[in-house]
file final_2.csv (CSV, C-alpha atoms and all ligand atoms)
chain,number,residue,atom,x,y,z
A,1465,MET,CA,0.0,0.0,0.0
A,1466,ASN,CA,1.6,3.3,-1.0
A,1467,ASP,CA,1.1,6.7,0.5
A,1468,ALA,CA,-1.3,7.9,-2.2
A,1469,GLN,CA,-3.8,5.2,-1.5
A,1470,PRO,CA,-6.5,6.2,1.0
A,1471,MET,CA,-6.6,4.5,4.4
A,1472,ILE,CA,-10.4,4.3,4.0
A,1473,ALA,CA,-12.3,4.5,0.8
A,1474,ALA,CA,-16.1,4.4,1.0
A,1475,ARG,CA,-18.2,4.6,-2.2
A,1476,ASN,CA,-22.0,4.9,-2.1
A,1477,LEU,CA,-22.0,3.0,1.2
A,1478,VAL,CA,-25.4,2.0,2.4
A,1479,LYS,CA,-26.5,0.3,5.6
A,1480,THR,CA,-30.1,-0.7,6.1
A,1481,PHE,CA,-31.0,-2.4,9.3
A,1482,ARG,CA,-33.7,-5.1,8.8
A,1483,ASP,CA,-36.1,-6.5,11.2
A,1484,PHE,CA,-36.7,-10.1,12.1
A,1485,TRP,CA,-38.6,-10.8,8.9
A,1486,TYR,CA,-35.8,-9.2,6.9
A,1487,ARG,CA,-37.9,-6.2,6.0
A,1488,PRO,CA,-35.9,-2.9,5.8
A,1489,LYS,CA,-36.3,-1.1,9.0
A,1490,VAL,CA,-33.9,1.7,9.4
A,1491,ASN,CA,-31.9,3.4,6.7
A,1492,ALA,CA,-29.0,4.3,8.9
A,1493,VAL,CA,-26.5,5.1,6.2
A,1494,ARG,CA,-27.8,6.1,2.8
A,1495,GLY,CA,-25.1,6.1,0.2
A,1496,ILE,CA,-22.0,8.0,1.5
A,1497,THR,CA,-18.8,8.5,-0.3
A,1498,PHE,CA,-15.6,9.7,1.4
A,1499,GLU,CA,-11.9,9.0,1.7
A,1500,VAL,CA,-9.6,9.2,4.7
A,1501,ARG,CA,-6.0,9.9,3.7
A,1502,ARG,CA,-2.9,8.7,5.3
A,1503,GLY,CA,-1.8,10.8,8.2
A,1504,GLU,CA,-4.9,13.0,8.5
A,1505,VAL,CA,-7.4,13.5,11.3
A,1506,PHE,CA,-10.8,13.0,9.7
A,1507,GLY,CA,-14.0,13.9,11.5
A,1508,LEU,CA,-17.5,12.5,11.1
A,1509,LEU,CA,-19.7,15.2,12.5
A,1510,GLY,CA,-23.4,14.8,13.0
A,1511,PRO,CA,-26.2,14.7,15.5
A,1512,ASN,CA,-27.2,11.6,17.4
A,1513,GLY,CA,-28.7,9.0,15.1
A,1514,SER,CA,-27.0,10.4,11.9
A,1515,GLY,CA,-25.1,7.2,11.2
A,1516,LYS,CA,-21.7,7.8,12.6
A,1517,SER,CA,-21.3,4.7,14.7
A,1518,THR,CA,-22.8,2.6,12.0
A,1519,THR,CA,-20.2,3.9,9.6
A,1520,ILE,CA,-17.4,3.2,12.0
A,1521,LYS,CA,-18.7,-0.3,12.7
A,1522,MET,CA,-18.7,-1.0,9.0
A,1523,ILE,CA,-15.1,0.2,8.7
A,1524,LEU,CA,-14.2,-2.2,11.6
A,1525,GLY,CA,-15.9,-5.1,9.8
A,1526,LEU,CA,-18.5,-5.5,12.7
A,1527,LEU,CA,-21.4,-4.6,10.4
A,1528,ARG,CA,-21.7,-5.7,6.8
A,1529,PRO,CA,-22.6,-2.9,4.3
A,1530,THR,CA,-25.9,-3.4,2.6
A,1531,ARG,CA,-24.6,-1.9,-0.6
A,1532,GLY,CA,-21.6,0.1,-1.9
A,1533,SER,CA,-17.9,-0.5,-1.6
A,1534,LEU,CA,-15.6,-0.1,1.4
A,1535,LEU,CA,-11.9,-0.6,1.5
A,1536,VAL,CA,-9.9,-0.2,4.7
A,1537,LEU,CA,-6.1,-0.2,4.2
A,1538,SER,CA,-6.9,-1.3,0.7
A,1539,ARG,CA,-8.6,-4.5,1.9
A,1540,SER,CA,-12.0,-5.7,2.8
A,1541,PRO,CA,-12.9,-4.6,6.3
A,1542,ARG,CA,-13.5,-8.3,7.1
A,1543,ASP,CA,-9.9,-9.2,6.3
A,1544,VAL,CA,-8.1,-9.9,9.5
A,1545,ARG,CA,-4.9,-8.4,8.1
A,1546,ALA,CA,-6.7,-5.0,8.0
A,1547,LYS,CA,-8.1,-5.5,11.4
A,1548,ALA,CA,-4.8,-6.1,13.0
A,1549,ARG,CA,-3.7,-2.6,12.0
A,1550,LEU,CA,-6.7,-0.8,13.5
A,1551,GLY,CA,-7.3,0.6,16.9
A,1552,TYR,CA,-10.9,1.2,18.1
A,1553,LEU,CA,-12.4,3.2,20.9
A,1554,PRO,CA,-16.1,2.3,21.1
A,1555,GLU,CA,-18.7,4.8,21.9
A,1556,GLU,CA,-19.2,3.3,25.3
A,1557,THR,CA,-16.0,2.2,27.1
A,1558,TYR,CA,-16.4,-1.4,28.1
A,1559,LEU,CA,-13.9,-2.3,30.7
A,1560,TYR,CA,-13.7,-5.3,33.0
A,1561,PRO,CA,-14.3,-3.6,36.4
A,1562,TYR,CA,-12.1,-6.1,38.4
A,1563,LEU,CA,-9.0,-5.6,36.3
A,1564,THR,CA,-6.5,-2.8,37.1
A,1565,SER,CA,-5.4,-0.3,34.5
A,1566,ARG,CA,-2.2,-2.3,33.9
A,1567,GLU,CA,-4.1,-5.6,33.7
A,1568,THR,CA,-6.5,-4.2,31.3
A,1569,LEU,CA,-3.8,-3.1,28.9
A,1570,ASP,CA,-2.0,-6.4,29.4
A,1571,PHE,CA,-5.1,-8.3,28.5
A,1572,TYR,CA,-5.5,-6.4,25.2
A,1573,GLY,CA,-1.8,-6.8,24.5
A,1574,ARG,CA,-2.3,-10.6,24.8
A,1575,LEU,CA,-5.1,-10.5,22.3
A,1576,PHE,CA,-2.5,-9.1,19.8
A,1577,ASP,CA,0.1,-11.7,20.8
A,1578,LEU,CA,2.5,-9.3,22.2
A,1579,SER,CA,5.3,-10.7,24.3
A,1580,ALA,CA,5.3,-10.1,28.1
A,1581,ARG,CA,8.1,-7.6,27.7
A,1582,GLU,CA,6.3,-5.7,25.0
A,1583,ARG,CA,3.1,-5.7,27.0
A,1584,ARG,CA,4.9,-4.3,30.0
A,1585,GLU,CA,6.8,-1.6,28.1
A,1586,ARG,CA,3.8,-0.5,26.2
A,1587,ALA,CA,1.5,-0.4,29.2
A,1588,ASP,CA,4.1,1.8,31.0
A,1589,GLN,CA,4.4,4.2,28.1
A,1590,LEU,CA,0.6,4.3,27.5
A,1591,LEU,CA,-0.2,4.9,31.2
A,1592,GLU,CA,2.3,7.8,31.2
A,1593,MET,CA,0.9,9.1,28.0
A,1594,ILE,CA,-2.7,9.2,29.3
A,1595,GLY,CA,-1.5,10.5,32.7
A,1596,LEU,CA,-2.6,7.5,34.7
A,1597,GLN,CA,0.7,6.1,36.0
A,1598,HIS,CA,-0.5,6.8,39.5
A,1599,ALA,CA,-3.6,4.6,38.9
A,1600,ALA,CA,-1.7,1.7,37.2
A,1601,ASN,CA,-2.8,-0.7,40.0
A,1602,ARG,CA,-6.3,0.6,40.6
A,1603,LEU,CA,-9.3,-1.2,39.5
A,1604,VAL,CA,-10.8,0.4,36.4
A,1605,GLY,CA,-14.3,-0.3,37.9
A,1606,GLU,CA,-13.6,2.6,40.3
A,1607,PHE,CA,-12.6,5.0,37.6
A,1608,SER,CA,-14.4,8.3,36.7
A,1609,LYS,CA,-15.8,8.5,33.3
A,1610,GLY,CA,-12.8,10.6,32.1
A,1611,MET,CA,-10.3,8.0,33.4
A,1612,ALA,CA,-12.2,5.2,31.8
A,1613,ARG,CA,-12.2,7.0,28.5
A,1614,ARG,CA,-8.5,7.5,28.7
A,1615,ILE,CA,-7.9,3.9,29.5
A,1616,GLY,CA,-10.1,3.0,26.5
A,1617,LEU,CA,-7.9,5.2,24.3
A,1618,ALA,CA,-4.7,3.5,25.6
A,1619,GLN,CA,-6.3,0.1,24.9
A,1620,ALA,CA,-7.0,1.2,21.4
A,1621,LEU,CA,-3.3,1.9,20.9
A,1622,ILE,CA,-1.8,-1.2,22.4
A,1623,ASN,CA,-1.2,-2.8,19.0
A,1624,ASP,CA,0.4,0.4,17.6
A,1625,PRO,CA,-2.3,0.7,15.0
A,1626,GLU,CA,-1.9,2.7,11.8
A,1627,LEU,CA,-5.5,3.7,11.7
A,1628,VAL,CA,-7.3,4.7,14.9
A,1629,LEU,CA,-11.1,4.9,15.0
A,1630,LEU,CA,-12.5,6.9,17.8
A,1631,ASP,CA,-16.3,6.9,18.3
A,1632,GLU,CA,-17.2,10.0,20.3
A,1633,PRO,CA,-13.8,10.1,22.1
A,1634,THR,CA,-14.8,13.0,24.3
A,1635,SER,CA,-18.3,11.9,25.2
A,1636,GLY,CA,-19.1,12.4,28.9
A,1637,LEU,CA,-15.9,14.3,29.6
A,1638,ASP,CA,-15.6,17.7,31.3
A,1639,PRO,CA,-13.7,20.5,29.6
A,1640,LEU,CA,-10.4,19.4,31.1
A,1641,GLY,CA,-10.8,15.8,30.1
A,1642,THR,CA,-11.9,16.9,26.7
A,1643,ARG,CA,-8.8,19.0,26.2
A,1644,GLN,CA,-6.6,16.2,27.3
A,1645,VAL,CA,-8.2,13.7,24.9
A,1646,LYS,CA,-8.0,16.3,22.1
A,1647,ASP,CA,-4.3,16.9,22.9
A,1648,LEU,CA,-3.7,13.1,22.7
A,1649,ILE,CA,-5.3,13.0,19.3
A,1650,LEU,CA,-3.1,15.8,18.1
A,1651,ALA,CA,-0.1,14.0,19.5
A,1652,LEU,CA,-1.1,10.9,17.6
A,1653,ALA,CA,-1.5,12.9,14.4
A,1654,ARG,CA,2.0,14.3,14.9
A,1655,ARG,CA,3.2,10.8,15.1
A,1656,GLY,CA,1.8,10.2,11.6
A,1657,LYS,CA,-1.2,8.1,12.8
A,1658,THR,CA,-4.3,8.3,10.7
A,1659,VAL,CA,-7.3,9.1,12.9
A,1660,LEU,CA,-11.0,8.9,12.1
A,1661,LEU,CA,-13.2,10.3,14.9
A,1662,SER,CA,-16.9,10.8,15.2
A,1663,SER,CA,-18.5,13.5,17.3
A,1664,HIS,CA,-21.6,15.5,17.7
A,1665,LEU,CA,-19.6,18.3,19.3
A,1666,LEU,CA,-18.6,21.1,17.0
A,1667,ALA,CA,-15.6,22.2,19.0
A,1668,ASP,CA,-14.0,18.7,19.0
A,1669,VAL,CA,-14.1,18.5,15.3
A,1670,GLU,CA,-13.0,22.1,14.8
A,1671,ASP,CA,-9.9,21.8,17.0
A,1672,VAL,CA,-8.4,18.5,15.9
A,1673,CYS,CA,-9.7,17.6,12.5
A,1674,ASP,CA,-8.0,18.3,9.1
A,1675,ARG,CA,-11.1,17.4,7.2
A,1676,VAL,CA,-14.7,16.7,8.1
A,1677,ALA,CA,-17.8,15.2,6.7
A,1678,ILE,CA,-21.1,16.4,8.1
A,1679,LEU,CA,-23.6,13.6,8.3
A,1680,TYR,CA,-27.2,14.1,8.7
A,1681,ASN,CA,-29.8,11.3,8.5
A,1682,GLY,CA,-27.4,8.9,6.9
A,1683,THR,CA,-26.2,11.3,4.2
A,1684,ILE,CA,-23.1,13.5,3.9
A,1685,LYS,CA,-24.3,17.1,3.6
A,1686,ALA,CA,-20.9,18.8,3.4
A,1687,GLN,CA,-17.4,17.7,3.4
A,1688,GLY,CA,-13.9,19.1,3.0
A,1689,GLU,CA,-11.1,20.8,4.8
A,1690,ILE,CA,-12.4,22.7,7.8
A,1691,GLY,CA,-10.6,26.0,6.9
A,1692,GLU,CA,-12.1,25.9,3.5
A,1693,LEU,CA,-15.6,25.0,4.6
A,1694,LEU,CA,-15.8,27.8,7.0
A,1695,GLU,CA,-13.9,30.5,5.3
A,1696,VAL,CA,-16.1,33.4,4.1
A,1697,ARG,CA,-14.3,34.2,0.9
A,1698,GLN,CA,-16.3,37.2,0.0
A,1699,GLN,CA,-14.9,39.1,3.0
A,1700,HIS,CA,-11.5,40.0,4.3
A,1701,ARG,CA,-10.3,40.6,7.8
A,1702,MET,CA,-7.3,42.4,9.1
A,1703,THR,CA,-5.9,42.5,12.6
A,1704,PHE,CA,-4.1,45.6,13.8
A,1705,PRO,CA,-2.0,46.0,16.9
A,1706,ASP,CA,-3.6,48.3,19.5
A,1707,LEU,CA,-4.2,51.6,17.9
A,1708,SER,CA,-5.1,54.9,19.4
A,1709,GLU,CA,-8.6,56.2,18.6
A,1710,GLU,CA,-7.2,58.8,16.3
A,1711,LYS,CA,-5.0,56.4,14.4
A,1712,LEU,CA,-7.8,54.0,14.0
A,1713,GLU,CA,-10.0,56.7,12.7
A,1714,GLU,CA,-7.3,57.6,10.1
A,1715,VAL,CA,-6.9,54.0,9.0
A,1716,LEU,CA,-10.7,53.6,8.6
A,1717,ALA,CA,-11.0,56.9,6.7
A,1718,ALA,CA,-8.2,55.8,4.4
A,1719,MET,CA,-9.8,52.4,3.8
A,1720,GLU,CA,-13.2,54.0,3.1
A,1721,ARG,CA,-11.5,56.3,0.6
A,1722,ILE,CA,-9.8,53.3,-1.2
A,1723,ALA,CA,-12.5,50.7,-0.9
A,1724,GLY,CA,-15.6,52.9,-1.2
A,1725,ASN,CA,-17.1,51.8,2.1
A,1726,ARG,CA,-16.3,51.7,5.7
A,1727,PRO,CA,-15.2,48.4,7.2
A,1728,THR,CA,-16.6,47.1,10.5
A,1729,VAL,CA,-14.3,47.0,13.4
A,1730,ASP,CA,-14.3,44.6,16.3
A,1731,HIS,CA,-11.8,42.9,18.7
A,1732,PRO,CA,-10.6,39.4,18.1
A,1733,ARG,CA,-12.2,36.9,20.6
A,1734,ARG,CA,-10.7,33.9,22.3
A,1735,ASP,CA,-12.7,30.8,22.4
A,1736,LEU,CA,-14.5,29.8,25.6
A,1737,GLU,CA,-12.5,26.6,26.0
A,1738,SER,CA,-9.1,28.4,26.3
A,1739,PHE,CA,-10.6,31.0,28.5
A,1740,PHE,CA,-12.1,28.4,30.8
A,1741,LEU,CA,-8.9,26.4,30.9
A,1742,ASP,CA,-7.0,29.5,31.9
A,1743,VAL,CA,-9.4,30.3,34.7
A,1744,VAL,CA,-9.1,26.8,36.1
A,1745,GLU,CA,-5.3,26.8,35.8
A,1746,GLN,CA,-5.2,30.1,37.6
A,1747,ALA,CA,-7.5,28.7,40.4
A,1748,ARG,CA,-5.3,25.7,40.8
A,1749,LYS,CA,-2.2,27.8,41.1
A,1750,GLU,CA,-3.9,29.9,43.8
A,1751,THR,CA,-4.9,26.8,45.8
A,1752,GLY,CA,-1.3,25.4,45.3
A,1753,GLU,CA,-2.6,22.3,43.5
A,1754,SER,CA,-0.2,21.0,40.9
A,1755,SER,CA,-1.4,22.1,37.5
A,1756,GLY,CA,-1.5,19.6,34.7
A,1757,VAL,CA,-4.5,21.0,33.0
A,1758,ARG,CA,-2.6,21.3,29.9
A,1759,HIS,CA,0.4,19.2,30.5
A,1760,SER,CA,2.2,18.8,27.2
A,1761,GLU,CA,1.2,15.6,25.7
A,1762,GLY,CA,4.0,13.3,24.9
A,1763,VAL,CA,3.1,10.2,23.0
A,1764,ALA,CA,4.1,6.7,23.9
A,1765,ASN,CA,7.4,6.1,22.4
A,1766,TYR,CA,6.7,2.7,21.0
A,1767,LEU,CA,4.0,4.1,18.7
A,1768,SER,CA,5.8,4.0,15.4
A,1769,SER,CA,5.9,7.3,13.6
A,1770,GLU,CA,5.3,5.8,10.2
A,1771,ALA,CA,3.0,3.1,9.0
A,1772,ALA,CA,4.5,-0.2,10.2
A,1773,SER,CA,4.3,-2.9,7.6
A,1774,PRO,CA,2.7,-6.0,9.0
A,1775,PRO,CA,3.6,-7.8,11.0
A,1776,ALA,CA,3.7,-4.7,13.1
A,1777,ALA,CA,5.2,-6.4,16.1
A,1778,ASN,CA,8.5,-7.0,14.3
A,1779,ARG,CA,8.9,-3.4,13.3
A,1780,LEU,CA,8.0,-2.4,16.8
A,1781,LYS,CA,10.7,-4.6,18.2
A,1782,GLU,CA,13.2,-2.9,16.0
A,1783,LEU,CA,12.0,0.5,17.2
A,1784,LEU,CA,12.1,-0.5,20.8
A,1785,THR,CA,15.6,-2.0,20.6
A,1786,GLU,CA,16.9,1.0,18.7
A,1787,LYS,CA,16.0,3.1,21.8
A,1788,ALA,CA,16.7,6.2,19.8
A,1789,PRO,CA,14.0,8.8,20.3
A,1790,LEU,CA,12.0,9.1,17.1
A,1791,PRO,CA,12.8,12.2,15.1
A,1792,SER,CA,9.3,13.6,15.2
A,1793,GLU,CA,9.0,13.3,18.9
A,1794,PRO,CA,7.9,16.7,20.2
A,1795,GLU,CA,9.9,16.7,23.4
A,1796,PRO,CA,9.8,18.2,25.9
A,1797,SER,CA,7.2,20.8,25.2
A,1798,PRO,CA,7.2,22.5,21.9
A,1799,GLU,CA,3.5,22.4,22.0
A,1800,PRO,CA,2.1,25.8,22.7
A,1801,PRO,CA,-0.6,26.2,25.3
A,1802,ALA,CA,-4.0,25.4,24.0
A,1803,HIS,CA,-5.2,28.9,23.5
A,1804,GLU,CA,-2.2,29.8,21.3
A,1805,GLU,CA,-2.5,26.6,19.4
A,1806,ALA,CA,-3.6,28.3,16.3
A,1807,PRO,CA,-1.3,27.3,13.4
A,1808,LYS,CA,-4.3,26.4,11.2
A,1809,PRO,CA,-6.9,28.7,10.0
A,1810,ARG,CA,-9.6,26.5,11.4
A,1811,LYS,CA,-9.1,28.0,14.9
A,1812,ASP,CA,-9.9,31.5,13.7
A,1813,LEU,CA,-13.5,31.1,12.9
A,1814,SER,CA,-15.6,34.1,12.5
A,1815,GLU,CA,-18.9,34.1,14.4
A,1816,GLN,CA,-20.6,34.2,11.1
A,1817,ALA,CA,-18.9,31.1,9.8
A,1818,ARG,CA,-19.7,29.3,13.0
A,1819,ARG,CA,-23.3,30.1,12.7
A,1820,LYS,CA,-23.3,29.0,9.2
A,1821,LEU,CA,-22.0,25.6,10.3
A,1822,GLU,CA,-24.5,25.4,13.0
A,1823,THR,CA,-27.4,26.0,10.6
A,1824,LEU,CA,-26.3,22.9,8.8
A,1825,LEU,CA,-27.0,20.9,11.9
A,1826,PRO,CA,-30.4,20.1,13.2
A,1827,THR,CA,-31.2,21.1,16.7
A,1828,ASP,CA,-31.4,17.8,18.4
A,1829,ALA,CA,-27.7,17.5,18.8
A,1830,ASP,CA,-27.2,17.8,22.5
A,1831,PRO,CA,-24.1,19.8,23.2
A,1832,HIS,CA,-24.1,18.8,26.8
A,1833,GLU,CA,-24.0,15.1,26.2
B,1901,LIG,N1,-28.5,-2.5,15.4
B,1901,LIG,C1,-29.4,-1.7,14.9
B,1901,LIG,N2,-30.6,-2.1,14.6
B,1901,LIG,C2,-31.5,-1.2,14.1
B,1901,LIG,N3,-31.3,0.2,14.0
B,1901,LIG,C3,-30.1,0.6,14.4
B,1901,LIG,C4,-29.0,-0.3,14.9
B,1901,LIG,N4,-27.9,0.5,15.1
B,1901,LIG,C5,-28.3,1.8,14.8
B,1901,LIG,N5,-29.5,1.8,14.4
B,1901,LIG,C6,-30.2,3.1,13.9
B,1901,LIG,O1,-29.4,3.6,12.9
B,1901,LIG,C7,-29.4,5.0,12.9
B,1901,LIG,C8,-28.0,5.5,13.0
B,1901,LIG,O2,-27.5,5.2,14.3
B,1901,LIG,P1,-25.9,5.4,14.7
B,1901,LIG,O3,-25.1,5.0,13.6
B,1901,LIG,O4,-25.7,4.8,16.0
B,1901,LIG,O5,-25.9,7.0,14.8
B,1901,LIG,P2,-24.9,8.0,15.5
B,1901,LIG,O6,-23.7,7.2,15.9
B,1901,LIG,O7,-24.6,9.0,14.5
B,1901,LIG,O8,-25.6,8.6,16.7
B,1901,LIG,C9,-30.3,5.4,14.1
B,1901,LIG,O9,-31.6,5.7,13.7
B,1901,LIG,C10,-30.3,4.1,15.0
B,1901,LIG,O10,-31.4,4.0,15.7
B,1902,MG,MG,-22.9,6.9,17.7
call {"tool": "encode", "arguments": {"input": "final_2.csv", "output": "C-alpha cells", "more": "lines below"}}
Ligand SMILES: Nc1ncnc2c1ncn2[C@@H]1O[C@H](COP(=O)(O)OP(=O)(O)O)[C@@H](O)[C@H]1O
Ligand SMILES: [Mg+2]
result
Amino acid sequence: MNDAQPMIAARNLVKTFRDFWYRPKVNAVRGITFEVRRGEVFGLLGPNGSGKSTTIKMILGLLRPTRGSLLVLSRSPRDVRAKARLGYLPEETYLYPYLTSRETLDFYGRLFDLSARERRERADQLLEMIGLQHAANRLVGEFSKGMARRIGLAQALINDPELVLLDEPTSGLDPLGTRQVKDLILALARRGKTVLLSSHLLADVEDVCDRVAILYNGTIKAQGEIGELLEVRQQHRMTFPDLSEEKLEEVLAAMERIAGNRPTVDHPRRDLESFFLDVVEQARKETGESSGVRHSEGVANYLSSEAASPPAANRLKELLTEKAPLPSEPEPSPEPPAHEEAPKPRKDLSEQARRKLETLLPTDADPHE
C-alpha cells in the first residue's frame, strides 16, 4: 500500500438495518462517499442518530454494508490483516471492572500476541501518555468516566495501529478531560497516525480535524477541509495592533477612501475553552494544586511514527531496541498552550462562519452530552 492510497475509501456506502422478517427497518447510512487519507485526522460530525457509529462499525468489519464498496487499508474490512492494523475506541467504554489499568492493557496486549516484555513496556508508556501512571494498579471499575475514557484510548493503541477509529472520544468528559483527549489525538497525528473520529460536538471537530464530513440522517451534507468549509471568501479581515482612537480613525478613513465603504471593526475573541482552561489553571495555582490542566502531551514512544508494515510487532521490536527517540518526537514541550494553538486557519472562525456551520445541523444535537 503506497502513500497515495487512501486509508479508508467508501463509495456509495449503504446500511439498512432489517427486522426479524428481513424487512428494511432503518436506513442508517444512505449512500455515503468519502476517503480518509494517510496521516490525517478526519471527523465525522453529525447529531445523534445520523449514522456515525454505523459507519465506524462497517469500517471495523463489525457490520456488513448493505450496498456500496468499502476498502480499509486497501482491503476488505473483514480481512483480519486489515483489522490487526486498526485501533478502536467504542462509543461506550467497556472495561472489566475487576482488572486494574495495567491488567486491562496487558489483557488487550495478549489479544494481539505481544510478548510479556512488549506488553509491560507499552503499558508503561501508555499509562504515562494518558496521565494514569499513578492509577496503574487501581481497578478500572472505580474510575471516573474521564479516566475510563483515557484507558479506553490507551487500549485502542496497544497494537500500535496505523489507523485509529474513535467513536465520540470526548463523550461524557468535562472540559479538562476533553482538552486532554484532544491533545492526545493531536499528539497521535504528529506521530503520523491516521485518525477517524466521530462527534456531535462542533468544538471537538473544529480543534483537531483536518477534514470533516457532516452527516445528517445517513447522508453527507458537506465535506472538506475545515478551513475551506468555514472561510467566508467574500470578505477580508485584518488585525491591527492596539491603535489609538485617532490612528484607527485615520486608518478607517483611508480604507473608506480606497474601498468605497467603511469596514466594520471589532476585537478578536478567544474561544470559551481556552478562557475556561486559563481560569481553572489560575484557580489551581492559587490553591497550590499541581497544575497539569494542559500538561504537554508526549506520546508513547513505541508508537511508530510511520506506517508499520505488517507484522507490526517485528517493526516495533526494532524500534524498541533502537532506543533512539523518534525524530518527530515533540519533546519536551514545543506544543504551545491550547489557547495559542492556532497554526491552522480552522481555529480562527468568524462568528458568522460558526453560525453557518450550525445552521447545517439540526437542533437535536445535544451539546451537553
Ligand atoms: N443494530 C441496529 N438495529 C436497528 N437500527 C439501528 C441499529 N444500530 C443503529 N440503528 C439506527 O441507525 C441510525 C443511526 O445510528 P448510529 O449510527 O448509532 O448514529 P450515531 O452514531 O450518529 O448517533 C439510528 O436511527 C439508529 O437508531
Ligand atoms: Mg454513535
call {"tool": "residues_around", "arguments": {"input": "final_2.csv", "residues": "Gly1510 in chain A", "least_positions_apart": "3", "cutoff": "9 Å", "atoms": "all atoms listed in the file", "output": "list in words"}}
result
Gly1513, Ser1514, Gly1515, Lys1516, Ser1662, Ser1663, His1664, Leu1665, Leu1666, Ala1677, Ile1678, Leu1679, Tyr1680, Asn1681, Leu1825, Pro1826 and Ala1829 of chain A
call {"tool": "residues_around", "arguments": {"input": "final_2.csv", "residues": "Gly1656 in chain A", "least_positions_apart": "4", "cutoff": "10 Å", "atoms": "all atoms listed in the file", "output": "number ranges by chain"}}
result
A: 1502-1505, 1626-1627, 1650-1652, 1767-1771, 1792
call {"tool": "closest_atom_pairs", "arguments": {"input": "final_2.csv", "of": "chain A", "to": "ligand LIG 1901 (chain B)", "cutoff": "12 Å", "atoms": "all atoms listed in the file", "output": "CSV"}}
result
residue,atom,partner,partner_atom,distance
A:Val1478,CA,B:LIG1901,O1,11.3
A:Lys1479,CA,B:LIG1901,O1,8.5
A:Thr1480,CA,B:LIG1901,N3,8.0
A:Phe1481,CA,B:LIG1901,C2,5.0
A:Arg1482,CA,B:LIG1901,C2,6.9
A:Asp1483,CA,B:LIG1901,C2,7.6
A:Phe1484,CA,B:LIG1901,N2,10.4
A:Tyr1486,CA,B:LIG1901,C2,11.6
A:Arg1487,CA,B:LIG1901,C2,11.5
A:Pro1488,CA,B:LIG1901,C2,9.5
A:Lys1489,CA,B:LIG1901,C2,7.0
A:Val1490,CA,B:LIG1901,N3,5.5
A:Asn1491,CA,B:LIG1901,O1,6.7
A:Ala1492,CA,B:LIG1901,C7,4.1
A:Val1493,CA,B:LIG1901,C8,7.0
A:Arg1494,CA,B:LIG1901,C8,10.2
A:Leu1508,CA,B:LIG1901,O7,8.6
A:Leu1509,CA,B:LIG1901,O7,8.2
A:Gly1510,CA,B:LIG1901,O7,6.1
A:Pro1511,CA,B:LIG1901,O7,6.0
A:Asn1512,CA,B:LIG1901,O8,3.5
A:Gly1513,CA,B:LIG1901,O5,3.5
A:Ser1514,CA,B:LIG1901,O7,3.8
A:Gly1515,CA,B:LIG1901,O3,3.3
A:Lys1516,CA,B:LIG1901,O7,3.7
A:Ser1517,CA,B:LIG1901,O6,3.7
A:Thr1518,CA,B:LIG1901,O3,3.7
A:Thr1519,CA,B:LIG1901,O3,6.4
A:Ile1520,CA,B:LIG1901,O3,8.1
A:Lys1521,CA,B:LIG1901,O3,8.4
A:Met1522,CA,B:LIG1901,O3,9.9
A:Leu1526,CA,B:LIG1901,N1,10.8
A:Leu1527,CA,B:LIG1901,N1,8.9
A:Arg1528,CA,B:LIG1901,N1,11.4
A:Pro1554,CA,B:LIG1901,O6,10.4
A:Glu1555,CA,B:LIG1901,O6,8.2
A:Glu1556,CA,B:LIG1901,O6,11.1
A:Leu1630,CA,B:LIG1901,O6,11.4
A:Asp1631,CA,B:LIG1901,O6,7.8
A:Glu1632,CA,B:LIG1901,O6,8.3
A:Ser1635,CA,B:LIG1901,O8,11.7
A:Leu1661,CA,B:LIG1901,O6,11.0
A:Ser1662,CA,B:LIG1901,O6,7.7
A:Ser1663,CA,B:LIG1901,O7,8.1
A:His1664,CA,B:LIG1901,O7,7.8
A:Leu1665,CA,B:LIG1901,O7,11.6
A:Ile1678,CA,B:LIG1901,O7,10.4
A:Leu1679,CA,B:LIG1901,O7,7.8
A:Tyr1680,CA,B:LIG1901,O7,8.1
A:Asn1681,CA,B:LIG1901,C8,7.6
A:Gly1682,CA,B:LIG1901,C8,7.0
A:Thr1683,CA,B:LIG1901,O7,10.7
A:Ile1684,CA,B:LIG1901,O7,11.6
A:Asp1828,CA,B:LIG1901,O8,11.0
A:Ala1829,CA,B:LIG1901,O8,9.4
A:Asp1830,CA,B:LIG1901,O8,11.0
A:Glu1833,CA,B:LIG1901,O8,11.6
call {"tool": "closest_residue", "arguments": {"input": "final_2.csv", "among": "A:Ile1722, A:Leu1707, A:Leu1534, A:Val1604", "to": "Leu1559 in chain A", "atoms": "all atoms listed in the file"}}
result
A:Val1604
call {"tool": "atom_distance", "arguments": {"input": "final_2.csv", "atom1": "CA of Arg1531 in chain A", "atom2": "CA of Asn1476 in chain A"}}
result
7.4 Å
call {"tool": "residues_around", "arguments": {"input": "final_2.csv", "residues": "Leu1716 in chain A", "least_positions_apart": "5", "cutoff": "10 Å", "atoms": "all atoms listed in the file", "output": "PyMOL selection string"}}
result
chain A and resi 1710-1711+1721-1722+1725-1729
call {"tool": "write_last_selection", "arguments": {"input": "final_2.csv", "atoms": "C-alpha atoms", "output": "PDB file, keeping the file's coordinate frame"}}
result
ATOM      1  CA  GLU A1710      -7.200  58.800  16.300  1.00  0.00           C
ATOM      2  CA  LYS A1711      -5.000  56.400  14.400  1.00  0.00           C
ATOM      3  CA  ARG A1721     -11.500  56.300   0.600  1.00  0.00           C
ATOM      4  CA  ILE A1722      -9.800  53.300  -1.200  1.00  0.00           C
ATOM      5  CA  ASN A1725     -17.100  51.800   2.100  1.00  0.00           C
ATOM      6  CA  ARG A1726     -16.300  51.700   5.700  1.00  0.00           C
ATOM      7  CA  PRO A1727     -15.200  48.400   7.200  1.00  0.00           C
ATOM      8  CA  THR A1728     -16.600  47.100  10.500  1.00  0.00           C
ATOM      9  CA  VAL A1729     -14.300  47.000  13.400  1.00  0.00           C
TER      10      VAL A1729
END
call {"tool": "atom_distance", "arguments": {"input": "final_2.csv", "atom1": "CA of Thr1642 in chain A", "atom2": "CA of Pro1625 in chain A"}}
result
22.2 Å
call {"tool": "closest_residue", "arguments": {"input": "final_2.csv", "among": "A:Asp1730, A:Asp1624, A:Glu1750, A:Asp1647", "to": "Asp1668 in chain A", "atoms": "all atoms listed in the file"}}
result
A:Asp1647
call {"tool": "closest_residue", "arguments": {"input": "final_2.csv", "among": "A:Leu1553, A:Leu1569, A:Ala1747, A:Ala1546", "to": "ligand MG 1902 (chain B)", "atoms": "all atoms listed in the file"}}
result
A:Leu1553
